[in-house]
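Read the structure below first, then the notes.
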Amino acid sequence: MRQGNRVVLPLSANADAERAAGIVRRVFRDYPGNMAVRLWNGQTLAFGGDAPEFTLVFQEPRPVRELILTRHPLRLAEAYFRGKVDMEGNLYTALQLKDYLQSLRLSAAEKATFLSAALLLGSSVDEDTGRTSPAWRASLLARLAGKHSRARNRQAIAFHYDVSNDFYRLWLDEQMVYSCAYFEEADNSLDQAQRNKLDHLCRKLRLKPGERLLDIGCGWGALIRWAAVHYGVEAYGITLSRNQYEHCLRQIDEEGLQGRVSVELKDYRDMTGDAVFDKIVSVGMFEHVGIGNFPLYFGTARRLLKPGGLLLNHGITCDTEGWRKSLSTEFINRYVFPDGELDTVSNVQCAMEHSGFDILDVEALRPHYAMTLRHWVQRLENHRNEALQCISEPTYRIWRLYMAACALAFEEGGIGIYQILAARRAKGLSPVPLTRRDVYGQPVKPEGDE
């Protein structure tokens, strides 16, 4: 390559690798565990005194350059999505690099030295600009006007849930329940734990034959079908996902539940009427509502409930108020849940009370969701080849990393999940029994039992 009157020879692969090795040695010198880094030329560097728990594999120089120029874990994650970086070994341990990289401190001299070296390691241009890339899809949603508008919410739901029913079927349970399971025993299978959860919700709501149940964000319809079959209610679900809606219709038809279960493609804000339902449940949808829409969401639920009716809201919460920008929120909103927002459980309860609800019961399920996510990750990994028939490699990697990172977040306490049972406020005593014995003292109904 000619620059003016000078001829500049390309750097050899070995020179790049040596330069990268120097950077890697310093960046991971103080890593508190046992890990290894393998470069594109096969050179492996070990850190810690014992066998590495995982190996970070750089397939080319560019991610090393980004590592030193930004030290931003999201850049490393993005390189993993594109196949420029791989993680071998214990994925959960590898994800703890996030905290290490964020706490890394370099001296001014080190910064200057490594900046010079990093600048020679390849372009920082992001090659992932095609229309099928996750980054392009995320930027498209970011350009949509009206955060939490009806149109924006439909787009956000489609982004997450309309990936492919076949994809979700590979790693969800037999009924395709995409929310926290309920492990009555630690060794419950995922299928059993999700049956436990469906029945747990129905018992908490004290469902009775002939009652009308609304499920806001009904997913693939497992709960409304379960409630109709096992508790004799008339169940109605709404969703914004066309894939979920079409799946629900097929299942209702196949199981002969016409007239007992119905579903519509509808936004909760478009629900009409007053005192229409005896019970309302929402499982795993609340995260999409938006903090600013809490009054509208809970106000709509109160309007739709009959006097003395019960609402069970099952949703994820955060350990800090509001949805502040952070590495985790940036990752989730960019690649997984556009417009998703979490708040503290105390703020959620305040919003419910301000909307006219009496809080009757609050149950924390944080350990259950950590276990659920680990089941999902394992099942996804076990079906990697089948998954790649439904989705792209970057999408597979995003979901694998996302669910593993969420499992760690639940285990560490950064996020939680709560089932909050509330009654539409009215004069008189609470419309539930004096104790919880009716919720916890019964075995889960077996599949298919009426």
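Here's how to read the names in the structure tokens: chain A, B, ... by the order shown, residue numbers from 1 in each chain, ligand numbers from 1 in the order shown.
DSSP secondary structure from the backbone places A:Leu311, A:Leu312, A:Asn313, A:His314, A:Gly315, A:Ile316, A:Thr317, A:Cys318, A:Phe357, A:Asp358, A:Ile359, A:Leu360, A:Asp361, A:Val362, A:Glu363, A:Ala364 of range 311-407 of chain A in strand (DSSP E).
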Neighbour list for range 252-267 of chain A as an MDAnalysis selection string, cut-off 8 Å, only C-alpha atoms, skip fewer than 6 positions in-chain: chainID A and resid 150 224:225 228 233:242 245
Neighbour list for range 398-403 of chain A as a ChimeraX atom specification, cut-off 7 Å, only C-alpha atoms, skip fewer than 5 positions in-chain: /A:81,373,377
Secondary structure check, alpha helix (DSSP H) residues of range 199-278 of chain A, as an MDAnalysis selection string: chainID A and resid 199:204 222:231 242:254
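Of the listed residues A:Thr55, A:Gln96, A:Ser282, A:Ser189, the one whose atoms come nearest to Leu205 in chain A is A:Ser282, with distances taken using only C-alpha atoms.
The list of residues with at least one atom within 8 Å of range 172-177 of chain A, based on only C-alpha atoms and without residues fewer than 5 positions apart in the same chain, reads Leu190, Asp191, Gln194, Gly219, Trp220, Ala222, Trp376 and Arg379 of chain A.
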Pick from A:Arg29, A:Lys279, A:Arg324, A:Arg374 nearest to Leu101 in chain A, counting only C-alpha atoms: A:Arg29
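Here CA of Leu342 in chain A and CA of Ser328 in chain A stand 11.7 Å from one another.
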